[in-house]
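Shown next: start-v8.cif, given as mmCIF, C-alpha atoms.
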```
data_entry
loop_
_atom_site.label_atom_id
_atom_site.label_comp_id
_atom_site.auth_asym_id
_atom_site.auth_seq_id
_atom_site.Cartn_x
_atom_site.Cartn_y
_atom_site.Cartn_z
CA MET A 1 -23.48 -9.49 99.45
CA ARG A 2 -27.20 -10.07 98.77
CA VAL A 3 -27.53 -13.04 96.42
CA LEU A 4 -30.74 -14.16 94.72
CA ILE A 5 -30.84 -17.88 93.84
CA THR A 6 -33.18 -19.81 91.56
CA GLY A 7 -33.31 -23.61 91.70
CA SER A 8 -32.56 -23.35 95.41
CA SER A 9 -34.15 -26.71 96.25
CA GLY A 10 -31.90 -28.66 93.87
CA LEU A 11 -28.61 -30.40 94.62
CA ILE A 12 -26.43 -27.39 93.79
CA GLY A 13 -28.85 -24.72 94.99
CA SER A 14 -29.47 -26.14 98.45
CA ALA A 15 -25.74 -26.66 99.05
CA LEU A 16 -24.99 -23.18 97.74
CA ILE A 17 -27.38 -21.51 100.16
CA ARG A 18 -25.59 -23.22 103.05
CA GLU A 19 -22.16 -22.22 101.71
CA LEU A 20 -23.01 -18.59 100.99
CA THR A 21 -24.76 -18.15 104.33
CA ALA A 22 -21.75 -19.62 106.14
CA SER A 23 -19.54 -17.15 104.24
CA GLY A 24 -21.56 -14.22 105.54
CA HIS A 25 -23.70 -13.50 102.48
CA GLN A 26 -27.47 -12.95 102.57
CA THR A 27 -29.37 -15.32 100.28
CA ILE A 28 -32.83 -14.79 98.84
CA ARG A 29 -34.72 -17.60 97.14
CA LEU A 30 -36.66 -17.06 93.92
CA VAL A 31 -39.43 -19.67 94.18
CA ARG A 32 -42.57 -20.81 92.41
CA PRO A 33 -46.06 -20.59 93.95
CA GLY A 34 -46.70 -23.36 96.45
CA THR A 35 -43.03 -23.76 97.37
CA GLN A 36 -42.23 -23.62 101.07
CA ALA A 37 -39.86 -20.72 101.57
CA ALA A 38 -38.81 -18.01 104.00
CA ASP A 39 -40.82 -14.81 104.25
CA ASP A 40 -38.26 -12.88 102.21
CA ALA A 41 -38.47 -15.29 99.23
CA ILE A 42 -39.51 -13.77 95.90
CA LEU A 43 -42.22 -15.45 93.82
CA TRP A 44 -42.21 -16.11 90.09
CA ASN A 45 -43.98 -18.52 87.77
CA PRO A 46 -42.05 -19.08 84.54
CA LYS A 47 -44.54 -21.71 83.33
CA ALA A 48 -47.25 -19.04 83.39
CA ASN A 49 -44.85 -16.39 82.01
CA LEU A 50 -45.16 -14.42 85.25
CA PRO A 51 -41.88 -12.59 86.04
CA PRO A 52 -40.35 -12.32 89.52
CA ALA A 53 -42.34 -10.14 91.92
CA PHE A 54 -39.37 -7.95 92.80
CA SER A 55 -39.78 -5.32 95.49
CA ASN A 56 -37.46 -2.35 95.88
CA GLN A 57 -34.79 -4.40 97.67
CA GLU A 58 -31.37 -4.26 96.07
CA ILE A 59 -29.68 -7.45 94.86
CA ASP A 60 -25.94 -7.66 94.26
CA ALA A 61 -25.82 -10.94 92.35
CA VAL A 62 -28.15 -13.58 90.90
CA ILE A 63 -27.31 -17.28 90.61
CA HIS A 64 -29.73 -18.91 88.17
CA LEU A 65 -29.85 -22.71 88.46
CA ALA A 66 -33.51 -23.55 87.75
CA GLY A 67 -34.45 -26.06 85.05
CA GLU A 68 -36.32 -29.30 84.42
CA ASN A 69 -34.37 -32.44 85.40
CA ILE A 70 -32.99 -33.82 82.13
CA ALA A 71 -32.57 -37.39 83.42
CA ALA A 72 -35.85 -37.82 85.31
CA HIS A 73 -37.75 -39.41 82.40
CA ARG A 74 -37.26 -40.82 78.91
CA TRP A 75 -37.03 -38.05 76.36
CA THR A 76 -40.53 -38.02 74.96
CA PRO A 77 -41.39 -34.99 72.80
CA GLU A 78 -43.31 -33.59 75.77
CA HIS A 79 -40.39 -33.97 78.18
CA LYS A 80 -37.95 -32.47 75.69
CA ALA A 81 -40.26 -29.48 75.31
CA ARG A 82 -40.32 -29.02 79.10
CA ILE A 83 -36.52 -29.24 79.26
CA ARG A 84 -36.14 -26.51 76.63
CA GLU A 85 -38.94 -24.31 77.94
CA SER A 86 -37.78 -24.39 81.56
CA ARG A 87 -34.27 -23.29 80.58
CA VAL A 88 -34.70 -20.97 77.63
CA ALA A 89 -37.99 -19.25 78.42
CA GLY A 90 -37.28 -19.19 82.16
CA THR A 91 -33.87 -17.58 81.66
CA ARG A 92 -35.26 -15.01 79.24
CA LEU A 93 -38.08 -14.12 81.66
CA LEU A 94 -35.62 -13.68 84.52
CA CYS A 95 -33.21 -11.53 82.50
CA GLU A 96 -36.00 -9.31 81.21
CA ALA A 97 -37.06 -8.67 84.81
CA LEU A 98 -33.50 -8.00 86.02
CA ILE A 99 -32.71 -5.38 83.41
CA LYS A 100 -35.89 -3.47 84.28
CA LEU A 101 -34.86 -3.02 87.92
CA ALA A 102 -33.94 0.48 89.06
CA HIS A 103 -30.71 -1.01 90.40
CA PRO A 104 -29.91 -4.19 88.41
CA PRO A 105 -27.52 -6.70 89.99
CA LYS A 106 -23.88 -6.36 89.05
CA THR A 107 -23.49 -10.07 88.34
CA LEU A 108 -25.56 -12.91 86.89
CA VAL A 109 -24.21 -16.45 87.19
CA SER A 110 -26.39 -18.62 84.96
CA ALA A 111 -26.21 -22.38 84.56
CA SER A 112 -25.64 -24.18 81.28
CA ALA A 113 -24.14 -27.64 80.71
CA ILE A 114 -21.32 -29.51 79.06
CA GLY A 115 -23.95 -30.90 76.72
CA TYR A 116 -23.22 -27.69 74.77
CA TYR A 117 -20.37 -29.57 73.04
CA GLY A 118 -22.23 -32.72 72.01
CA ASP A 119 -20.32 -35.98 71.47
CA ARG A 120 -16.69 -35.00 70.70
CA GLY A 121 -14.59 -38.16 71.10
CA ASP A 122 -11.05 -37.46 72.33
CA GLU A 123 -11.12 -33.73 71.44
CA ILE A 124 -10.11 -31.45 74.33
CA LEU A 125 -12.97 -29.04 75.01
CA ARG A 126 -12.43 -25.52 76.32
CA GLU A 127 -14.65 -22.48 76.69
CA ASP A 128 -13.83 -21.26 73.17
CA THR A 129 -14.59 -24.64 71.55
CA PRO A 130 -17.58 -24.32 69.19
CA ALA A 131 -20.91 -25.91 70.08
CA GLY A 132 -21.68 -29.43 68.94
CA SER A 133 -24.81 -31.07 67.60
CA GLY A 134 -27.74 -32.86 69.19
CA PHE A 135 -30.72 -31.98 71.34
CA LEU A 136 -28.75 -30.91 74.43
CA ALA A 137 -26.29 -28.85 72.41
CA GLN A 138 -29.18 -26.95 70.82
CA VAL A 139 -30.86 -26.39 74.20
CA CYS A 140 -27.59 -25.13 75.71
CA ARG A 141 -27.00 -22.71 72.84
CA GLU A 142 -30.49 -21.23 73.24
CA TRP A 143 -30.13 -21.23 77.04
CA GLU A 144 -26.88 -19.27 76.88
CA GLU A 145 -28.30 -16.87 74.30
CA ALA A 146 -31.20 -16.11 76.65
CA ALA A 147 -28.74 -15.24 79.45
CA GLY A 148 -26.91 -13.02 76.98
CA LEU A 149 -29.74 -10.52 77.26
CA ALA A 150 -28.41 -9.52 80.70
CA ALA A 151 -24.87 -9.18 79.34
CA GLU A 152 -26.10 -6.92 76.55
CA ARG A 153 -27.51 -4.57 79.20
CA GLY A 154 -24.27 -4.33 81.16
CA ILE A 155 -24.73 -7.06 83.78
CA ARG A 156 -21.56 -9.15 84.14
CA THR A 157 -22.78 -12.57 83.07
CA VAL A 158 -21.00 -15.84 83.81
CA ILE A 159 -22.25 -19.01 82.11
CA LEU A 160 -21.55 -22.20 84.06
CA ARG A 161 -21.09 -25.12 81.68
CA ASN A 162 -21.61 -27.81 84.30
CA SER A 163 -20.19 -31.29 83.91
CA MET A 164 -21.40 -34.26 85.99
CA VAL A 165 -21.56 -33.06 89.60
CA LEU A 166 -20.43 -35.71 92.07
CA SER A 167 -22.36 -35.96 95.33
CA ALA A 168 -23.60 -38.88 97.38
CA GLU A 169 -26.73 -36.85 98.15
CA GLY A 170 -28.10 -36.51 94.63
CA GLY A 171 -27.38 -36.40 90.93
CA ALA A 172 -25.84 -39.10 88.74
CA LEU A 173 -23.48 -40.57 91.36
CA ALA A 174 -26.26 -41.04 93.90
CA ARG A 175 -28.29 -42.92 91.26
CA MET A 176 -25.30 -45.17 90.50
CA LEU A 177 -24.49 -46.10 94.08
CA PRO A 178 -27.21 -48.70 94.79
CA VAL A 179 -26.23 -50.66 91.66
CA PHE A 180 -22.48 -50.44 92.29
CA ARG A 181 -22.83 -51.33 95.98
CA LYS A 182 -24.50 -54.57 94.89
CA GLY A 183 -21.57 -55.35 92.61
CA LEU A 184 -23.73 -54.93 89.50
CA GLY A 185 -21.99 -51.91 87.99
CA GLY A 186 -19.76 -51.82 84.93
CA PRO A 187 -18.73 -49.79 81.88
CA ILE A 188 -21.33 -48.48 79.43
CA GLY A 189 -20.84 -49.12 75.73
CA THR A 190 -17.17 -49.33 74.81
CA GLY A 191 -16.18 -47.58 78.06
CA ARG A 192 -13.81 -45.35 76.06
CA GLN A 193 -16.01 -42.26 76.14
CA TYR A 194 -14.63 -39.43 78.28
CA MET A 195 -16.56 -38.40 81.38
CA SER A 196 -16.00 -34.89 82.68
CA TRP A 197 -16.90 -34.48 86.33
CA ILE A 198 -16.59 -32.09 89.26
CA ALA A 199 -17.03 -32.64 93.01
CA LEU A 200 -19.89 -30.69 94.60
CA ASP A 201 -17.36 -29.02 96.91
CA ASP A 202 -15.61 -27.58 93.87
CA VAL A 203 -18.90 -26.40 92.37
CA MET A 204 -19.43 -24.39 95.56
CA GLY A 205 -15.90 -23.05 95.50
CA ALA A 206 -15.92 -22.24 91.79
CA ILE A 207 -19.22 -20.35 91.93
CA GLN A 208 -17.91 -18.21 94.79
CA HIS A 209 -14.70 -17.74 92.79
CA CYS A 210 -16.77 -16.46 89.85
CA LEU A 211 -18.66 -14.07 92.12
CA ALA A 212 -15.41 -12.68 93.54
CA HIS A 213 -13.46 -12.34 90.27
CA ALA A 214 -14.88 -9.45 88.28
CA GLU A 215 -12.65 -10.28 85.30
CA LEU A 216 -14.58 -13.50 84.67
CA SER A 217 -17.52 -13.32 82.28
CA GLY A 218 -18.92 -15.50 79.55
CA PRO A 219 -18.66 -19.30 79.60
CA VAL A 220 -16.77 -21.05 82.41
CA LEU A 221 -16.34 -24.83 82.30
CA MET A 222 -17.27 -26.40 85.63
CA ALA A 223 -15.18 -29.54 85.48
CA SER A 224 -12.19 -31.14 87.14
CA PRO A 225 -8.94 -30.68 85.20
CA ASN A 226 -8.71 -34.49 85.01
CA PRO A 227 -11.55 -36.07 82.99
CA VAL A 228 -11.50 -39.86 82.78
CA ARG A 229 -12.80 -42.49 80.41
CA ASN A 230 -15.98 -44.26 81.47
CA SER A 231 -14.06 -47.49 82.12
CA GLU A 232 -11.67 -45.68 84.48
CA PHE A 233 -14.53 -43.96 86.28
CA VAL A 234 -16.26 -47.30 86.82
CA GLU A 235 -13.07 -49.03 87.97
CA THR A 236 -12.24 -46.23 90.42
CA LEU A 237 -15.74 -46.20 91.88
CA GLY A 238 -15.58 -49.97 92.31
CA LYS A 239 -12.25 -49.75 94.13
CA VAL A 240 -13.53 -47.07 96.51
CA LEU A 241 -16.65 -49.16 97.24
CA LYS A 242 -14.64 -52.42 97.26
CA ARG A 243 -17.02 -53.99 94.75
CA PRO A 244 -16.49 -55.71 91.38
CA THR A 245 -17.36 -53.77 88.20
CA LEU A 246 -17.53 -56.49 85.57
CA LEU A 247 -21.08 -56.17 84.22
CA ARG A 248 -20.76 -54.09 81.07
CA MET A 249 -23.90 -52.49 79.58
CA PRO A 250 -23.64 -52.65 75.77
CA GLY A 251 -24.58 -49.54 73.85
CA PHE A 252 -27.65 -51.15 72.32
CA ALA A 253 -28.91 -52.10 75.78
CA ALA A 254 -28.44 -48.53 77.01
CA ARG A 255 -30.43 -47.27 74.02
CA LEU A 256 -33.21 -49.79 74.66
CA ALA A 257 -33.40 -48.74 78.31
CA PHE A 258 -33.03 -44.97 77.94
CA GLY A 259 -33.77 -44.13 74.32
CA GLU A 260 -32.25 -40.97 72.83
CA MET A 261 -31.00 -39.92 76.27
CA ALA A 262 -28.46 -42.79 76.22
CA ASP A 263 -26.55 -41.35 73.26
CA GLU A 264 -26.34 -37.85 74.73
CA LEU A 265 -25.84 -38.57 78.45
CA LEU A 266 -24.30 -42.04 78.75
CA LEU A 267 -22.43 -42.75 75.51
CA ALA A 268 -21.32 -39.25 74.50
CA SER A 269 -17.63 -38.41 75.03
CA GLN A 270 -16.74 -34.99 76.49
CA ARG A 271 -13.15 -34.30 77.54
CA ALA A 272 -13.23 -30.91 79.26
CA ASP A 273 -10.33 -28.65 80.20
CA PRO A 274 -11.58 -25.93 82.63
CA ALA A 275 -9.17 -23.38 81.19
CA ARG A 276 -10.79 -20.25 82.61
CA LEU A 277 -10.94 -21.59 86.18
CA ARG A 278 -7.31 -22.69 85.92
CA THR A 279 -5.95 -19.46 84.50
CA SER A 280 -7.93 -17.30 86.94
CA GLY A 281 -6.32 -19.16 89.85
CA TYR A 282 -9.12 -21.32 91.20
CA PRO A 283 -7.55 -23.95 93.53
CA PHE A 284 -9.41 -27.22 92.94
CA ARG A 285 -10.12 -29.04 96.20
CA PHE A 286 -10.56 -32.39 94.47
CA PRO A 287 -8.78 -32.44 91.08
CA GLU A 288 -8.41 -36.26 91.07
CA LEU A 289 -11.32 -38.71 90.84
CA ARG A 290 -10.07 -41.18 93.45
CA SER A 291 -9.69 -38.56 96.18
CA ALA A 292 -13.05 -36.99 95.30
CA LEU A 293 -14.89 -40.30 95.56
CA GLU A 294 -13.10 -41.27 98.78
CA HIS A 295 -14.08 -37.92 100.32
CA LEU A 296 -17.71 -38.29 99.25
CA LEU A 297 -18.19 -41.95 100.10
CA THR A 298 -15.98 -42.64 103.11
CA HIS A 299 -16.31 -39.45 105.20
#
```

Will you turn the file into structure tokens for me?
Amino acid sequence: MRVLITGSSGLIGSALIRELTASGHQTIRLVRPGTQAADDAILWNPKANLPPAFSNQEIDAVIHLAGENIAAHRWTPEHKARIRESRVAGTRLLCEALIKLAHPPKTLVSASAIGYYGDRGDEILREDTPAGSGFLAQVCREWEEAAGLAAERGIRTVILRNSMVLSAEGGALARMLPVFRKGLGGPIGTGRQYMSWIALDDVMGAIQHCLAHAELSGPVLMASPNPVRNSEFVETLGKVLKRPTLLRMPGFAARLAFGEMADELLLASQRADPARLRTSGYPFRFPELRSALEHLLTH
């Protein structure tokens, strides 16, 4: 299979290229000008509204992961605009180009996020659960609607609602590790908010599962079947690292440090049930948090 990937330099994208190549697929990177890439990479510039410079080569599937890092900076109006623009306008530009191809790909796998649901307390969230409120929920709704353009034109479209991806090489866990290794970690706010998570290994497996299962389309929750409360996540991470986790960060302190982002990323509660992965037979490699963290941090 020939697979085009955007966001190929990110945590998920770079791992996915290795996985797909090892599985015998041919990967092609969709990159921006100035990015170091192989000769067969395809250029695009979503910031300048320049669509991909497709040649006549046929593409079987597209995995669209590109987007501004939501946790890189405080959410100033400018940064929020970049977050929305990179996802919504970029996805629309890509889909418009795909549907114009003489031979469009059969499948588009497009990223979204669990932020779609907003802060939902103890409610169990599945793919058919309505969207919530807040900045991220609005961005995710618009993001998914942009990908819907491909579905309207007959391209099987899978929307990955990603939860927190666990990897020691990047993402939220990698940012936590220096603090927790010093014994300075602890719960955030009340610690009762649910954290939905998925090991990077399962992201790789689940994406390939979505590519292989033609019956899957629409939203697919990318999360372990066992979400945990923030306090349990912190305690488990401390046990794996053999470090204390007693220094709680009150909610007001999180808001002072991170602004609006604290309420939507750190204090929001999202209890996901990946119903469509379960019912389609995906075998989770790391369904339990303790085994996932031990694999990532002790191997």

Under the rule of at most 6 Å, produce a per-residue listing of segment 176-294 of chain A near segment 157-170 of chain A: chain, number, name, the closest pair of atoms, and the distance in Å, as a Markdown table, using only C-alpha atoms.
```
| residue | atom | partner | partner_atom | distance |
| --- | --- | --- | --- | --- |
| A:Ser196 | CA | A:Ser163 | CA | 5.7 |
| A:Trp197 | CA | A:Met164 | CA | 4.5 |
| A:Ile198 | CA | A:Val165 | CA | 5.1 |
| A:Ala199 | CA | A:Leu166 | CA | 4.7 |
| A:Leu200 | CA | A:Leu166 | CA | 5.6 |
| A:Ser217 | CA | A:Val158 | CA | 4.6 |
| A:Gly218 | CA | A:Val158 | CA | 4.8 |
| A:Pro219 | CA | A:Ile159 | CA | 4.4 |
| A:Val220 | CA | A:Leu160 | CA | 5.2 |
| A:Leu221 | CA | A:Arg161 | CA | 4.8 |
| A:Met222 | CA | A:Asn162 | CA | 4.8 |
| A:Ala223 | CA | A:Ser163 | CA | 5.5 |
```

When you look at His213 of chain A with a cut-off of 12 Å (counting only C-alpha atoms), what residues show up, excluding the ones that are within fewer than 5 positions of it in the same chain? I need them as a list in words.
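In the requested format, the answer is Thr107, Val109, Arg156, Thr157, Val158, Ala206, Ile207, Gln208, Arg276, Leu277, Thr279, Ser280, Gly281 and Tyr282 of chain A.
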
Of the residues A:Val240, A:Ala150, A:Val228, A:Val139, which is the one nearest to Met195 of chain A, using only C-alpha atoms?
A:Val228

Would you translate the PyMOL selection byres ((chain A and resi 59) around 12) into the concrete set of residues it matches in this file, as a PDB file with C-alpha atoms, in the frame of the given file?
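selection_2.pdb written:
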```
ATOM      1  CA  MET A   1     -23.480  -9.490  99.450  1.00  0.00           C
ATOM      2  CA  ARG A   2     -27.200 -10.070  98.770  1.00  0.00           C
ATOM      3  CA  VAL A   3     -27.530 -13.040  96.420  1.00  0.00           C
ATOM      4  CA  LEU A   4     -30.740 -14.160  94.720  1.00  0.00           C
ATOM      5  CA  ILE A   5     -30.840 -17.880  93.840  1.00  0.00           C
ATOM      6  CA  HIS A  25     -23.700 -13.500 102.480  1.00  0.00           C
ATOM      7  CA  GLN A  26     -27.470 -12.950 102.570  1.00  0.00           C
ATOM      8  CA  THR A  27     -29.370 -15.320 100.280  1.00  0.00           C
ATOM      9  CA  ILE A  28     -32.830 -14.790  98.840  1.00  0.00           C
ATOM     10  CA  ARG A  29     -34.720 -17.600  97.140  1.00  0.00           C
ATOM     11  CA  LEU A  30     -36.660 -17.060  93.920  1.00  0.00           C
ATOM     12  CA  ILE A  42     -39.510 -13.770  95.900  1.00  0.00           C
ATOM     13  CA  PHE A  54     -39.370  -7.950  92.800  1.00  0.00           C
ATOM     14  CA  SER A  55     -39.780  -5.320  95.490  1.00  0.00           C
ATOM     15  CA  ASN A  56     -37.460  -2.350  95.880  1.00  0.00           C
ATOM     16  CA  GLN A  57     -34.790  -4.400  97.670  1.00  0.00           C
ATOM     17  CA  GLU A  58     -31.370  -4.260  96.070  1.00  0.00           C
ATOM     18  CA  ASP A  60     -25.940  -7.660  94.260  1.00  0.00           C
ATOM     19  CA  ALA A  61     -25.820 -10.940  92.350  1.00  0.00           C
ATOM     20  CA  VAL A  62     -28.150 -13.580  90.900  1.00  0.00           C
ATOM     21  CA  ILE A  63     -27.310 -17.280  90.610  1.00  0.00           C
ATOM     22  CA  LEU A  98     -33.500  -8.000  86.020  1.00  0.00           C
ATOM     23  CA  LEU A 101     -34.860  -3.020  87.920  1.00  0.00           C
ATOM     24  CA  ALA A 102     -33.940   0.480  89.060  1.00  0.00           C
ATOM     25  CA  HIS A 103     -30.710  -1.010  90.400  1.00  0.00           C
ATOM     26  CA  PRO A 104     -29.910  -4.190  88.410  1.00  0.00           C
ATOM     27  CA  PRO A 105     -27.520  -6.700  89.990  1.00  0.00           C
ATOM     28  CA  LYS A 106     -23.880  -6.360  89.050  1.00  0.00           C
ATOM     29  CA  THR A 107     -23.490 -10.070  88.340  1.00  0.00           C
ATOM     30  CA  LEU A 108     -25.560 -12.910  86.890  1.00  0.00           C
TER      31      LEU A 108
END
```

My list of candidates is A:Ala172, A:Leu246, A:Arg141, A:Phe135. Which is closest to Pro77 of chain A when distances are computed with all atoms listed in the file?
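Of A:Ala172, A:Leu246, A:Arg141, A:Phe135, the one nearest Pro77 of chain A is A:Phe135, counting all atoms listed in the file.
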
Taking the file as I've supplied it (selection: the PyMOL selection byres ((chain A and resi 236) around 12)), which residues are included? Please answer as a list in words.
Phe180, Gly185, Gly186, Pro187, Val228, Arg229, Asn230, Ser231, Glu232, Phe233, Val234, Glu235, Leu237, Gly238, Lys239, Val240, Leu241, Lys242, Arg243, Pro244, Thr245, Glu288, Leu289, Arg290, Ser291, Ala292, Leu293 and Glu294 of chain A

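Here the question is which of A:Leu65, A:Ala53, A:Ile188, A:Ala113 gets nearest to Gln138 of chain A using all atoms listed in the file, and that residue is A:Ala113.
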
Taking the file as I've supplied it (selection: the PyMOL selection byres ((chain A and resi 93) around 8)), which residues are included? Please answer as number ranges by chain.
A: 46, 49-51, 89-92, 94-97

Contact residues around Arg120 of chain A with all atoms listed in the file at 7 Å, ignoring same-chain residues under 3 positions, as a ChimeraX atom specification:
/A:117,123,269-270

Is it possible to get the axis-aligned box enclosing segment 166-181 of chain A (all listed atoms, 5 Å extra per side) as lines of an AutoDock Vina configuration file, with centre and edge lengths in Å rounded to one decimal?
```
center_x = -24.4
center_y = -43.5
center_z = 93.4
size_x = 17.9
size_y = 25.6
size_z = 19.4
```

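In terms of minimum interatomic distance to Arg255 of chain A, A:Trp75 ranks closest within A:Trp75, A:Met176, A:Asp201, A:Pro274, counting all atoms listed in the file.
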
In Å, rounded to a single decimal, give me how far atom CA of Arg126 of chain A is from atom CA of Asp273 of chain A.
5.4 Å

Atomic distance atom CA of Val31 of chain A - atom CA of Lys47 of chain A, expressed in Å with one decimal
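Atom CA of Lys47 of chain A lies 12.2 Å from atom CA of Val31 of chain A.
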
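Here atom CA of Gly183 of chain A stands at a distance of 22.4 Å from atom CA of Leu265 of chain A.
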
Would you list the contacts of Ser9 of chain A as a PDB file with C-alpha atoms, in the coordinates of the input, taking every protein, DNA or RNA residue within 10 Å and counting all atoms listed in the file, but skipping same-chain residues closer than 5 positions in sequence?
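So the final result, stored in part_1.pdb, reads:
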```pdb
ATOM      1  CA  SER A  14     -29.470 -26.140  98.450  1.00  0.00           C
ATOM      2  CA  ALA A  15     -25.740 -26.660  99.050  1.00  0.00           C
ATOM      3  CA  LEU A  16     -24.990 -23.180  97.740  1.00  0.00           C
ATOM      4  CA  ILE A  17     -27.380 -21.510 100.160  1.00  0.00           C
ATOM      5  CA  ARG A  29     -34.720 -17.600  97.140  1.00  0.00           C
ATOM      6  CA  VAL A  31     -39.430 -19.670  94.180  1.00  0.00           C
ATOM      7  CA  THR A  35     -43.030 -23.760  97.370  1.00  0.00           C
ATOM      8  CA  GLN A  36     -42.230 -23.620 101.070  1.00  0.00           C
ATOM      9  CA  ALA A  37     -39.860 -20.720 101.570  1.00  0.00           C
ATOM     10  CA  LEU A  65     -29.850 -22.710  88.460  1.00  0.00           C
ATOM     11  CA  ALA A  66     -33.510 -23.550  87.750  1.00  0.00           C
TER      12      ALA A  66
END
```

Local residues around (-44.8, -25.5, 80.1), at most 9 Å away, using all atoms listed in the file, as a CSV table (one decimal) with C-alpha atoms, in the frame of the given file:
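Below you can see selection_13.csv, which holds the result:
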```csv
chain,number,residue,atom,x,y,z
A,46,PRO,CA,-42.0,-19.1,84.5
A,47,LYS,CA,-44.5,-21.7,83.3
A,48,ALA,CA,-47.2,-19.0,83.4
A,81,ALA,CA,-40.3,-29.5,75.3
A,82,ARG,CA,-40.3,-29.0,79.1
A,85,GLU,CA,-38.9,-24.3,77.9
A,86,SER,CA,-37.8,-24.4,81.6
```
